[in-house]
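Below is entry.txt, which holds compact mmCIF, C-alpha atoms.
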```txt
# COMPACT_ATOMS: atom_id res chain seq x y z
CA MET A 1 49.35 121.41 113.48
CA LYS A 2 45.71 120.45 114.06
CA ASN A 3 46.59 118.77 117.38
CA LEU A 4 48.59 121.73 118.38
CA LEU A 5 45.75 124.12 117.82
CA GLN A 6 43.24 121.90 119.65
CA GLY A 7 42.39 123.31 123.04
CA THR A 8 43.44 126.82 122.17
CA THR A 9 40.89 129.53 122.48
CA LYS A 10 40.18 132.18 119.91
CA ALA A 11 42.16 134.62 122.04
CA ASP A 12 45.16 132.30 121.96
CA LYS A 13 45.02 132.15 118.18
CA VAL A 14 44.81 135.93 117.94
CA LEU A 15 47.79 136.24 120.30
CA ILE A 16 49.86 133.74 118.30
CA SER A 17 49.02 135.53 115.06
CA VAL A 18 49.94 138.88 116.54
CA LEU A 19 53.25 137.49 117.84
CA ILE A 20 54.09 136.05 114.44
CA VAL A 21 53.33 139.36 112.71
CA VAL A 22 55.34 141.33 115.26
CA SER A 23 58.39 139.10 114.99
CA LEU A 24 58.28 139.05 111.18
CA SER A 25 57.92 142.81 110.99
CA GLY A 26 60.92 143.01 113.31
CA ILE A 27 63.03 141.24 110.69
CA PHE A 28 61.90 143.65 107.98
CA PHE A 29 62.42 146.57 110.32
CA MET A 30 66.00 145.49 111.06
CA GLN A 31 66.73 145.00 107.37
CA GLU A 32 65.37 148.43 106.52
CA VAL A 33 66.93 150.33 109.39
CA MET A 34 70.26 148.54 109.51
CA PRO A 35 71.17 147.57 105.98
CA LYS A 36 74.26 145.39 105.89
CA ARG A 37 77.25 146.42 103.85
CA ARG A 38 77.14 143.92 101.08
CA THR A 39 79.86 143.14 98.64
CA VAL A 40 80.63 141.25 95.48
CA LEU A 41 83.82 139.25 95.35
CA ILE A 42 85.09 138.47 91.86
CA GLU A 43 87.71 135.76 91.54
CA VAL A 44 89.48 134.59 88.42
CA ASP A 45 91.39 131.33 88.44
CA GLY A 46 91.16 131.20 92.22
CA ARG A 47 92.58 134.65 92.76
CA PRO A 48 90.48 137.51 94.12
CA LEU A 49 90.46 140.36 91.62
CA TYR A 50 87.81 142.67 93.01
CA VAL A 51 85.88 143.23 96.19
CA LEU A 52 83.21 145.76 95.28
CA PRO A 53 80.38 147.27 97.29
CA LEU A 54 77.04 146.04 95.96
CA GLY A 55 75.47 149.45 96.42
CA ARG A 56 76.98 151.00 93.30
CA ASP A 57 75.82 150.06 89.82
CA ARG A 58 78.63 149.31 87.42
CA ILE A 59 79.97 146.99 84.77
CA VAL A 60 83.18 145.09 85.41
CA GLU A 61 85.20 143.19 82.86
CA VAL A 62 87.58 140.44 83.85
CA GLU A 63 89.86 138.42 81.66
CA GLY A 64 89.62 134.67 82.20
CA SER A 65 91.44 131.86 80.43
CA ARG A 66 88.97 131.92 77.53
CA GLY A 67 88.44 135.64 77.28
CA LYS A 68 86.41 138.45 78.72
CA THR A 69 83.60 137.90 81.23
CA ILE A 70 81.39 140.94 81.62
CA ILE A 71 79.74 141.31 85.02
CA GLU A 72 76.98 143.79 85.72
CA LEU A 73 76.09 145.09 89.18
CA LYS A 74 72.74 146.78 89.47
CA GLN A 75 70.32 147.47 92.31
CA GLU A 76 72.14 145.24 94.81
CA MET A 77 72.22 142.35 92.34
CA ALA A 78 74.86 140.91 90.07
CA ARG A 79 74.78 138.96 86.83
CA VAL A 80 77.08 137.78 84.11
CA LYS A 81 76.16 139.88 81.13
CA ASP A 82 78.40 138.13 78.69
CA SER A 83 80.88 135.31 78.79
CA PRO A 84 83.15 133.56 76.28
CA CYS A 85 82.16 130.11 77.60
CA PRO A 86 80.34 127.69 75.26
CA THR A 87 77.18 126.89 77.27
CA LYS A 88 76.68 130.34 78.84
CA GLN A 89 75.21 128.76 81.99
CA CYS A 90 76.51 131.71 83.98
CA VAL A 91 74.67 134.17 81.74
CA LYS A 92 71.50 132.07 81.93
CA GLN A 93 71.63 132.13 85.73
CA GLY A 94 70.58 135.79 85.46
CA TRP A 95 70.45 138.24 88.35
CA THR A 96 71.61 137.06 91.77
CA GLY A 97 71.18 139.01 94.99
CA HIS A 98 72.80 136.43 97.24
CA GLY A 99 74.87 133.45 96.30
CA VAL A 100 77.52 132.41 93.86
CA ILE A 101 77.74 132.58 90.09
CA VAL A 102 80.36 130.24 88.69
CA CYS A 103 81.68 130.11 85.16
CA LEU A 104 83.81 126.98 85.13
CA PRO A 105 85.17 127.22 81.57
CA ASN A 106 86.44 130.76 82.09
CA LYS A 107 87.32 130.12 85.78
CA VAL A 108 85.35 133.10 87.05
CA VAL A 109 83.63 132.95 90.44
CA ILE A 110 81.36 135.76 91.62
CA THR A 111 80.26 135.69 95.25
CA VAL A 112 77.36 138.04 95.84
CA GLY A 113 76.38 139.39 99.24
CA ASN A 114 79.62 138.42 100.90
CA ASP A 115 78.49 139.84 104.26
CA ASN A 116 81.88 139.88 105.84
CA ASP A 117 81.19 142.87 108.00
CA ASP A 118 84.81 143.86 108.31
CA VAL A 119 85.58 144.00 104.62
CA HIS A 120 85.18 147.66 103.98
CA THR A 121 85.81 149.19 107.35
CA VAL A 122 88.25 152.04 107.44
CA ALA A 123 91.78 150.98 108.17
CA ASP A 124 93.29 151.79 111.57
CA ALA A 125 96.43 153.00 109.84
CA ILE A 126 97.86 153.30 106.35
CA THR A 127 101.30 152.12 105.32
CA ARG A 128 102.84 154.33 102.70
CA MET B 1 111.83 162.28 112.75
CA ASP B 2 110.28 164.64 110.29
CA THR B 3 107.11 162.65 110.14
CA VAL B 4 103.66 161.96 111.57
CA ILE B 5 103.58 159.44 114.38
CA THR B 6 100.34 157.94 115.67
CA ILE B 7 99.99 155.63 118.62
CA SER B 8 96.69 153.91 119.43
CA VAL B 9 96.21 151.66 122.42
CA ALA B 10 93.36 149.77 124.03
CA SER B 11 93.19 150.05 127.79
CA HIS B 12 90.59 150.05 130.55
CA SER B 13 91.94 153.29 131.92
CA LYS B 14 92.38 156.51 130.00
CA GLY B 15 95.08 157.65 132.41
CA HIS B 16 97.01 154.42 131.98
CA ALA B 17 96.71 154.63 128.19
CA GLU B 18 97.94 158.23 128.10
CA GLN B 19 100.87 157.45 130.34
CA ALA B 20 101.91 154.53 128.17
CA ILE B 21 101.54 156.60 124.99
CA ASP B 22 103.65 159.39 126.50
CA SER B 23 106.48 157.01 127.31
CA ALA B 24 106.31 155.49 123.82
CA PHE B 25 106.55 158.98 122.28
CA SER B 26 109.52 159.79 124.53
CA GLU B 27 111.21 156.61 123.33
CA ILE B 28 110.71 157.61 119.68
CA LYS B 29 112.04 161.09 120.44
CA ARG B 30 115.10 159.61 122.09
CA LEU B 31 115.78 157.50 118.99
CA GLU B 32 115.24 160.49 116.70
CA ALA B 33 118.06 162.29 118.48
CA LEU B 34 120.36 159.36 117.67
CA PHE B 35 119.44 158.67 114.08
CA ASP B 36 118.62 162.01 112.44
CA PHE B 37 120.76 162.26 109.31
CA TYR B 38 120.21 166.01 109.04
CA SER B 39 120.94 166.95 112.64
CA PRO B 40 124.64 167.68 113.29
CA ASP B 41 124.21 166.58 116.91
CA SER B 42 122.94 163.09 116.14
CA GLU B 43 124.99 159.96 116.64
CA VAL B 44 124.74 159.15 112.94
CA SER B 45 126.22 162.55 112.05
CA ARG B 46 129.05 161.92 114.49
CA ILE B 47 129.82 158.61 112.74
CA ASN B 48 129.68 160.35 109.33
CA ARG B 49 131.99 163.14 110.44
CA HIS B 50 134.59 160.57 111.49
CA ALA B 51 134.40 158.66 108.22
CA GLY B 52 137.90 157.58 107.15
CA LEU B 53 139.33 159.08 110.34
CA SER B 54 138.53 157.09 113.45
CA ARG B 55 136.24 154.65 115.20
CA VAL B 56 133.23 156.08 116.98
CA THR B 57 131.79 154.56 120.14
CA VAL B 58 128.05 154.20 119.72
CA SER B 59 124.89 153.45 121.71
CA PRO B 60 123.40 149.93 121.91
CA ASP B 61 120.50 151.14 119.71
CA MET B 62 122.92 152.25 116.99
CA LEU B 63 124.74 148.95 117.18
CA THR B 64 121.50 147.00 116.81
CA VAL B 65 120.30 149.10 113.87
CA LEU B 66 123.66 148.85 112.08
CA GLU B 67 123.74 145.09 112.55
CA ARG B 68 120.21 144.74 111.22
CA ALA B 69 121.09 146.98 108.27
CA SER B 70 124.14 144.87 107.48
CA PHE B 71 122.01 141.70 107.64
CA VAL B 72 119.46 143.16 105.18
CA SER B 73 122.24 144.34 102.86
CA LYS B 74 123.63 140.80 102.72
CA GLU B 75 120.21 139.21 102.17
CA THR B 76 119.34 141.64 99.38
CA GLY B 77 122.71 141.30 97.65
CA GLY B 78 123.61 144.86 98.54
CA ALA B 79 120.38 146.41 97.20
CA PHE B 80 119.69 147.82 100.64
CA ASP B 81 122.69 149.93 101.51
CA ILE B 82 122.88 152.60 104.21
CA THR B 83 125.98 154.11 102.59
CA THR B 84 123.82 155.52 99.76
CA GLY B 85 123.76 158.61 102.00
CA ALA B 86 126.70 159.83 99.88
CA LEU B 87 124.43 159.76 96.81
CA LEU B 88 121.28 161.00 98.50
CA VAL B 89 122.89 164.33 99.38
CA LEU B 90 123.48 164.98 95.66
CA TYR B 91 119.73 165.19 95.01
CA ASP B 92 117.61 168.18 95.94
CA PHE B 93 114.13 166.73 96.27
CA TYR B 94 112.74 169.99 97.55
CA HIS B 95 113.75 172.03 94.51
CA GLY B 96 113.63 169.14 92.06
CA ILE B 97 117.29 169.13 91.09
CA LYS B 98 119.12 165.98 90.00
CA PRO B 99 122.90 165.64 90.16
CA GLN B 100 125.28 165.68 87.20
CA GLN B 101 126.40 162.26 86.00
CA ARG B 102 129.97 163.27 86.92
CA ALA B 103 128.98 163.88 90.53
CA ILE B 104 127.29 160.50 90.74
CA GLU B 105 130.33 158.75 89.29
CA LYS B 106 132.55 160.54 91.78
CA HIS B 107 130.43 159.46 94.74
CA LEU B 108 129.68 155.87 93.72
CA PRO B 109 133.00 154.54 95.13
CA LEU B 110 131.86 155.81 98.55
CA VAL B 111 128.89 153.45 98.45
CA ASN B 112 129.58 150.04 99.91
CA TYR B 113 127.90 148.55 102.94
CA LYS B 114 130.91 146.29 103.48
CA ALA B 115 132.99 149.38 104.27
CA VAL B 116 130.96 149.93 107.47
CA HIS B 117 132.92 148.17 110.18
CA ILE B 118 130.98 147.31 113.29
CA ASP B 119 132.86 146.23 116.36
CA LYS B 120 130.43 144.62 118.74
CA LYS B 121 133.01 144.14 121.49
CA ASP B 122 133.93 147.75 122.02
CA THR B 123 130.59 149.00 120.61
CA SER B 124 132.18 151.11 117.94
CA VAL B 125 131.73 151.85 114.26
CA PHE B 126 134.18 152.87 111.58
CA LEU B 127 133.48 154.04 108.05
CA GLU B 128 136.38 153.07 105.86
CA LYS B 129 136.59 156.03 103.48
CA THR B 130 136.52 159.76 103.96
CA GLY B 131 133.33 161.18 102.48
CA MET B 132 131.23 158.11 103.25
CA LEU B 133 127.81 158.94 104.64
CA ILE B 134 125.44 156.48 106.26
CA ASP B 135 121.75 157.29 106.12
CA LEU B 136 119.55 155.13 108.34
CA GLY B 137 116.30 156.57 106.96
CA GLY B 138 115.45 153.21 105.42
CA ILE B 139 115.41 151.32 108.70
CA VAL B 140 114.97 153.58 111.72
CA LYS B 141 111.25 154.23 111.40
CA GLY B 142 110.59 150.52 111.58
CA TYR B 143 113.03 150.22 114.47
CA ALA B 144 111.31 153.10 116.24
CA ALA B 145 107.97 151.30 115.85
CA ASP B 146 109.56 148.18 117.40
CA ARG B 147 110.90 150.13 120.36
CA ALA B 148 107.64 152.04 120.88
CA VAL B 149 105.68 148.77 120.92
CA GLU B 150 108.13 147.35 123.48
CA THR B 151 107.63 150.46 125.61
CA LEU B 152 103.85 150.09 125.47
CA LYS B 153 104.06 146.42 126.39
CA ARG B 154 106.35 147.16 129.30
CA ALA B 155 103.79 149.71 130.50
CA GLY B 156 101.24 146.91 130.64
CA ILE B 157 99.37 147.64 127.40
CA ARG B 158 98.08 144.52 125.72
CA SER B 159 96.79 145.92 122.46
CA GLY B 160 98.09 148.78 120.39
CA LEU B 161 99.25 150.14 117.08
CA VAL B 162 102.22 152.37 116.42
CA ALA B 163 102.59 154.09 113.06
CA VAL B 164 105.83 155.99 112.49
CA ALA B 165 104.78 157.52 109.18
CA GLY B 166 104.01 154.44 107.08
CA ASP B 167 105.97 152.02 109.24
CA ILE B 168 103.41 150.26 111.36
CA LYS B 169 103.53 147.70 114.11
CA ALA B 170 100.44 146.28 115.80
CA PHE B 171 99.99 143.90 118.70
CA GLY B 172 97.05 142.25 120.40
CA LEU B 173 93.41 142.52 119.39
CA LYS B 174 91.21 145.61 119.37
CA PRO B 175 88.45 145.89 122.00
CA ASN B 176 86.02 144.37 119.45
CA GLU B 177 88.24 141.25 119.43
CA LYS B 178 89.37 141.95 115.89
CA PRO B 179 92.91 142.48 114.66
CA TRP B 180 94.14 145.93 113.73
CA LYS B 181 93.41 146.73 110.12
CA VAL B 182 96.02 148.34 107.93
CA GLY B 183 95.55 149.84 104.49
CA ILE B 184 98.28 149.92 101.86
CA LYS B 185 98.47 153.20 99.97
CA ASP B 186 97.57 153.19 96.31
CA PRO B 187 100.87 154.45 94.83
CA ARG B 188 99.23 156.34 91.96
CA ALA B 189 96.16 157.73 93.74
CA GLU B 190 96.13 161.45 94.37
CA GLY B 191 94.78 161.20 97.90
CA ASN B 192 97.27 160.20 100.54
CA ASP B 193 94.65 158.02 102.22
CA ASP B 194 93.57 156.11 99.11
CA THR B 195 94.36 152.48 99.69
CA ILE B 196 94.81 149.68 97.21
CA ALA B 197 94.51 146.83 99.69
CA THR B 198 93.85 146.18 103.35
CA LEU B 199 94.96 143.45 105.68
CA ASP B 200 94.72 142.44 109.31
CA LEU B 201 97.84 142.84 111.40
CA LYS B 202 98.40 141.01 114.65
CA ASP B 203 101.77 140.98 116.39
CA MET B 204 103.38 141.96 113.13
CA ALA B 205 104.92 144.98 111.46
CA ILE B 206 104.36 146.33 107.97
CA SER B 207 106.40 148.85 106.05
CA THR B 208 106.08 150.30 102.58
CA SER B 209 108.63 151.93 100.32
CA GLY B 210 107.19 153.90 97.43
CA ASP B 211 108.43 156.09 94.61
CA TYR B 212 105.84 158.75 95.55
CA GLU B 213 107.32 159.70 98.92
CA ARG B 214 110.21 162.09 98.38
CA HIS B 215 110.27 162.68 94.66
CA PHE B 216 110.15 165.10 91.78
CA ILE B 217 109.43 164.74 88.10
CA LEU B 218 111.95 166.11 85.65
CA GLU B 219 111.69 165.78 81.85
CA GLY B 220 109.05 163.08 82.30
CA GLU B 221 111.28 161.03 84.59
CA ARG B 222 110.39 160.35 88.19
CA TYR B 223 113.27 160.95 90.61
CA HIS B 224 112.68 159.56 94.08
CA HIS B 225 114.76 158.83 97.14
CA LEU B 226 115.12 155.06 96.72
CA LEU B 227 118.49 155.07 95.01
CA SER B 228 120.18 152.07 93.54
CA PRO B 229 123.60 151.66 95.17
CA ALA B 230 124.87 150.31 91.85
CA THR B 231 123.89 153.22 89.59
CA GLY B 232 123.22 156.14 91.91
CA TYR B 233 119.87 156.68 90.21
CA PRO B 234 116.40 155.92 91.55
CA ALA B 235 115.34 152.29 91.07
CA GLN B 236 112.70 152.15 88.36
CA THR B 237 111.07 148.73 88.44
CA CYS B 238 108.53 149.21 91.26
CA GLN B 239 105.92 151.73 92.36
CA SER B 240 105.79 150.42 95.88
CA VAL B 241 106.82 147.49 98.04
CA SER B 242 105.15 146.49 101.32
CA ILE B 243 106.75 143.97 103.66
CA ILE B 244 105.13 142.21 106.59
CA ALA B 245 107.50 140.83 109.20
CA GLU B 246 107.62 140.35 112.94
CA GLU B 247 110.32 142.94 113.33
CA GLY B 248 109.60 146.49 112.17
CA ALA B 249 113.26 147.28 111.47
CA LEU B 250 113.46 144.34 109.07
CA ALA B 251 110.11 145.13 107.41
CA ASP B 252 111.32 148.70 106.85
CA ALA B 253 114.76 147.85 105.48
CA PHE B 254 113.58 144.94 103.32
CA ALA B 255 110.86 147.17 101.80
CA THR B 256 113.61 149.51 100.61
CA GLY B 257 115.94 146.71 99.51
CA ILE B 258 113.24 144.80 97.64
CA PHE B 259 112.11 148.01 95.94
CA ILE B 260 115.61 148.36 94.53
CA LEU B 261 115.90 144.65 93.66
CA GLY B 262 112.71 144.75 91.61
CA PRO B 263 109.63 142.52 91.57
CA GLU B 264 110.99 139.25 90.23
CA THR B 265 114.03 138.77 92.44
CA GLY B 266 112.20 140.66 95.18
CA ILE B 267 109.36 138.17 95.59
CA LYS B 268 111.89 135.33 95.81
CA VAL B 269 113.86 137.08 98.55
CA ILE B 270 110.70 137.87 100.54
CA GLU B 271 109.54 134.26 100.34
CA LYS B 272 112.99 132.98 101.27
CA MET B 273 112.94 135.20 104.37
CA GLY B 274 109.48 133.91 105.28
CA PHE B 275 107.97 137.41 105.18
CA GLY B 276 104.75 138.53 103.59
CA GLY B 277 105.02 140.96 100.72
CA LEU B 278 103.08 142.97 98.19
CA ILE B 279 104.89 144.51 95.26
CA ILE B 280 103.33 146.91 92.79
CA ASP B 281 105.59 146.97 89.76
CA LYS B 282 106.06 149.90 87.42
CA GLU B 283 103.15 148.77 85.22
CA GLY B 284 100.87 148.70 88.25
CA THR B 285 100.71 144.91 88.41
CA ILE B 286 100.38 143.62 91.95
CA HIS B 287 102.53 140.70 93.05
CA VAL B 288 101.66 139.07 96.36
CA THR B 289 103.54 136.36 98.24
CA SER B 290 101.58 133.14 98.65
CA ASN B 291 101.51 133.34 102.46
CA ILE B 292 99.36 136.48 102.52
CA ARG B 293 97.23 135.87 99.43
CA GLU B 294 94.32 134.64 101.56
CA LYS B 295 94.67 137.37 104.16
CA ILE B 296 94.82 140.42 101.98
CA GLU B 297 91.81 142.27 100.67
CA ILE B 298 92.54 143.90 97.32
CA GLU B 299 90.22 146.80 96.62
CA LYS B 300 91.29 147.49 93.07
CA PRO B 301 91.98 145.24 90.14
CA LEU B 302 94.99 143.16 90.99
CA THR B 303 96.42 143.49 87.54
CA ARG B 304 95.75 145.31 84.36
CA ASP B 305 96.46 142.38 82.16
CA ASN B 306 95.50 139.74 84.71
CA LYS B 307 98.98 138.33 85.12
CA SER B 308 101.15 138.29 88.14
```
Using structure tokens, write down the structure from this file.
Amino acid sequence: MKNLLQGTTKADKVLISVLIVVSLSGIFFMQEVMPKRRTVLIEVDGRPLYVLPLGRDRIVEVEGSRGKTIIELKQEMARVKDSPCPTKQCVKQGWTGHGVIVCLPNKVVITVGNDNDDVHTVADAITR
Amino acid sequence: MDTVITISVASHSKGHAEQAIDSAFSEIKRLEALFDFYSPDSEVSRINRHAGLSRVTVSPDMLTVLERASFVSKETGGAFDITTGALLVLYDFYHGIKPQQRAIEKHLPLVNYKAVHIDKKDTSVFLEKTGMLIDLGGIVKGYAADRAVETLKRAGIRSGLVAVAGDIKAFGLKPNEKPWKVGIKDPRAEGNDDTIATLDLKDMAISTSGDYERHFILEGERYHHLLSPATGYPAQTCQSVSIIAEEGALADAFATGIFILGPETGIKVIEKMGFGGLIIDKEGTIHVTSNIREKIEIEKPLTRDNKS
């Protein structure tokens, strides 16, 4: 880093700093202006039970092999509120905004921020 | 066909797209004139009028549809049966009137798909008994979707979706390079556009048979148009059945047949045929064949008690 900065003038450093700020603010700008549709996928024993938009706060209960896992969605985050498993690792993991919460004993997998952009698009047609 | 038909196509030219859509609509209209159960001038009415009397020479389309229907009847052990027309006329879905048990018993002997004799050689059909009525309502919408897609393809269209009511066939990819997306109606939702699941459809057809289509509720019982050929009463073990197959006519007819067979035997038949299927049983439990489990997006809880 030191070598890299050797031979640069003060103006260069200002320019680099400005460029870094501009590009970073661009990321924030894009995130603010174009929020992605984010979802939570809840699977029990390998089978998808729910695909829910992350935008709405709610509590979901699913029945695993050991009993009821209670999942809470709030402010674009998800957590396991209660679980029948012995160690409660999933509960201890707390709030997750992006990633996976796994409860092995109760075979519950929660994938947060599943940014599959086609998940909740309106269907082209409906079979009825 | 007393129903909403939508045709969507992707094309570089609006004129070309409109031309292709027009010819596809004309094709559906042509088929409607052949298959309309309620029109006295249709080919199907002509066959019905000659029931027990004489053979009727029919169009190649009629021959194809009758052969497909017979195939589905065999594969569903007679659960799909076009001769239930003789029972269907006993119900008044518009005014909510069910037939007397006596009337059903009287008409049941007229129901038997094996009594429809198809002669491929001289392209003719004969219904064995006087009073028999064939109703092709459980297969022609899917067949019409097949024919409309063929028409679009012949007109040079490479991507499109045809929906004859709920019988849908899609081919090619949309301009965004994604497959056409189809929703499956939630059978117990009030809104007609409320879906319970969605899936991508490419070069495939999907059809759904549900107990919410033509129905009425009398003394707490739901009477709908999917009649069991064995009892003459509406089949009660499913809310809806969706079938995914390459051929729309088969998807349509199997959806009806599997609805009548019920979820347990139904899933086995769908898997044996190599189709994809989603069955919502009377409790609301969703059963999905293994081949589409990864491809289908369920929007609501799959099951109430987490079994399937």
Cut-off 8 Å: closest chain B/chain A atom pairs per residue, using only C-alpha atoms, as JSON lines:
```
{"residue": "B:Ala163", "atom": "CA", "partner": "A:Ala125", "partner_atom": "CA", "distance": 7.0}
{"residue": "B:Ala165", "atom": "CA", "partner": "A:Arg128", "partner_atom": "CA", "distance": 7.5}
{"residue": "B:Gly166", "atom": "CA", "partner": "A:Thr127", "partner_atom": "CA", "distance": 4.0}
{"residue": "B:Asp167", "atom": "CA", "partner": "A:Thr127", "partner_atom": "CA", "distance": 6.1}
{"residue": "B:Ile168", "atom": "CA", "partner": "A:Thr127", "partner_atom": "CA", "distance": 6.7}
{"residue": "B:Trp180", "atom": "CA", "partner": "A:Asp124", "partner_atom": "CA", "distance": 6.3}
{"residue": "B:Lys181", "atom": "CA", "partner": "A:Ala123", "partner_atom": "CA", "distance": 5.0}
{"residue": "B:Val182", "atom": "CA", "partner": "A:Ala123", "partner_atom": "CA", "distance": 5.0}
{"residue": "B:Gly183", "atom": "CA", "partner": "A:Ile126", "partner_atom": "CA", "distance": 4.6}
{"residue": "B:Ile184", "atom": "CA", "partner": "A:Thr127", "partner_atom": "CA", "distance": 5.1}
{"residue": "B:Lys185", "atom": "CA", "partner": "A:Arg128", "partner_atom": "CA", "distance": 5.3}
{"residue": "B:Asp193", "atom": "CA", "partner": "A:Ile126", "partner_atom": "CA", "distance": 7.0}
{"residue": "B:Thr195", "atom": "CA", "partner": "A:Ile126", "partner_atom": "CA", "distance": 7.6}
{"residue": "B:Thr198", "atom": "CA", "partner": "A:Ala123", "partner_atom": "CA", "distance": 7.1}
{"residue": "B:Ile206", "atom": "CA", "partner": "A:Thr127", "partner_atom": "CA", "distance": 7.1}
{"residue": "B:Ser207", "atom": "CA", "partner": "A:Thr127", "partner_atom": "CA", "distance": 6.1}
{"residue": "B:Thr208", "atom": "CA", "partner": "A:Arg128", "partner_atom": "CA", "distance": 5.2}
{"residue": "B:Ser209", "atom": "CA", "partner": "A:Arg128", "partner_atom": "CA", "distance": 6.7}
{"residue": "B:Gly210", "atom": "CA", "partner": "A:Arg128", "partner_atom": "CA", "distance": 6.8}
{"residue": "B:Glu213", "atom": "CA", "partner": "A:Arg128", "partner_atom": "CA", "distance": 7.9}
{"residue": "B:Ser242", "atom": "CA", "partner": "A:Thr127", "partner_atom": "CA", "distance": 7.9}
{"residue": "B:Glu297", "atom": "CA", "partner": "A:Val51", "partner_atom": "CA", "distance": 7.5}
{"residue": "B:Ile298", "atom": "CA", "partner": "A:Tyr50", "partner_atom": "CA", "distance": 6.5}
{"residue": "B:Glu299", "atom": "CA", "partner": "A:Val51", "partner_atom": "CA", "distance": 5.6}
{"residue": "B:Lys300", "atom": "CA", "partner": "A:Tyr50", "partner_atom": "CA", "distance": 5.9}
{"residue": "B:Pro301", "atom": "CA", "partner": "A:Leu49", "partner_atom": "CA", "distance": 5.3}
{"residue": "B:Leu302", "atom": "CA", "partner": "A:Leu49", "partner_atom": "CA", "distance": 5.4}
{"residue": "B:Thr303", "atom": "CA", "partner": "A:Leu49", "partner_atom": "CA", "distance": 7.9}
{"residue": "B:Asp305", "atom": "CA", "partner": "A:Glu63", "partner_atom": "CA", "distance": 7.7}
{"residue": "B:Asn306", "atom": "CA", "partner": "A:Glu63", "partner_atom": "CA", "distance": 6.5}
```
Given 4 Å on each side, where is the centre and what are the edge lengths in Å to one decimal of the axis-aligned box enclosing the listed atoms of stretch 233-244 of chain B, as JSON?
```
{"center_x": 112.5, "center_y": 149.4, "center_z": 97.5, "size_x": 22.7, "size_y": 22.5, "size_z": 26.2}
```
Atom CA of B:Thr123 to atom CA of B:Leu63: how many Å, to one decimal?
6.8 Å
What's the 6 Å shell around stretch 270-278 of chain B, counting all atoms listed in the file, without same-chain residues fewer than 2 positions away, as a list in words?
Val241, Ser242, Ile243, Ile244, Ala245, Ile267, Lys268, His287, Val288, Thr289 and Ile292 of chain B
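Shortest atom-to-atom contact with A:Gly97 among A:Glu76, A:Glu61, A:Asp12, A:Asp45: A:Glu76, counting all atoms listed in the file.
Checking B:Asn192, B:Thr151, B:Thr84, B:Gln101 one by one against B:Ala24, counting all atoms listed in the file, you find the shortest gap at B:Thr151.
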Expressed in Å to a single decimal, how great is the separation between atom CA of B:Asn176 and atom CA of B:Leu201?
14.4 Å
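The spacing separating atom CA of B:Lys295 from atom CA of B:Ala145 amounts to 22.5 Å.
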Please identify all polymer residues within 7 Å of A:Thr96, counting all atoms listed in the file, omitting same-chain residues fewer than 6 positions from it, and present them as a ChimeraX atom specification.
/A:77-79
May I have the protein, DNA and RNA residues with an atom at most 12 Å from (110.7, 149.9, 91.9), counting only C-alpha atoms in the file's coordinates, returned as a count of residues only?
43
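Comparing the minimum interatomic distances between B:Leu108 and each of B:Pro229, B:Gly172, B:Pro60, B:Gly138, counting all atoms listed in the file, we find that B:Pro229 sits nearest.
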May I have the residues within 12 Å of B:Lys106 as a ChimeraX atom specification, using all atoms listed in the file and disregarding those fewer than 3 positions away in the same chain?
/B:86-87,90,99-103,109-111,131-132,231-232
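Residue neighbourhood of B:Ile139, excluding near-sequence residues (fewer than 4 positions): Ala249, Asp252 and Ala253 of chain B, at 6 Å, using all atoms listed in the file.
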Those selected residues, please, written with C-alpha atoms and delivered as a PDB file, in the coordinates of the input.
```
ATOM      1  CA  ALA B 249     113.260 147.280 111.470  1.00  0.00           C
ATOM      2  CA  ASP B 252     111.320 148.700 106.850  1.00  0.00           C
ATOM      3  CA  ALA B 253     114.760 147.850 105.480  1.00  0.00           C
TER       4      ALA B 253
END
```
Contacts of B:Val72 at 9 Å (all atoms listed in the file; same-chain gap of 5+ positions) as a PyMOL selection string:
chain B and resi 67+77-81+250+253-254+257
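Candidate residues A:Ser23, A:Arg66, A:Thr111, A:Gly55 were compared for distance to A:Arg38, and the nearest is A:Gly55, using all atoms listed in the file.
Distances to A:Glu43 were evaluated for A:Asn3, A:Val109, A:Cys90, A:Cys85 using all atoms listed in the file, and the minimum falls at A:Val109.
Of the residues listed (B:Ile196, B:Arg68, B:Gly248, B:Ile21), B:Ile196 shows the shortest atom-to-atom separation from B:Ile296; distances use all atoms listed in the file.
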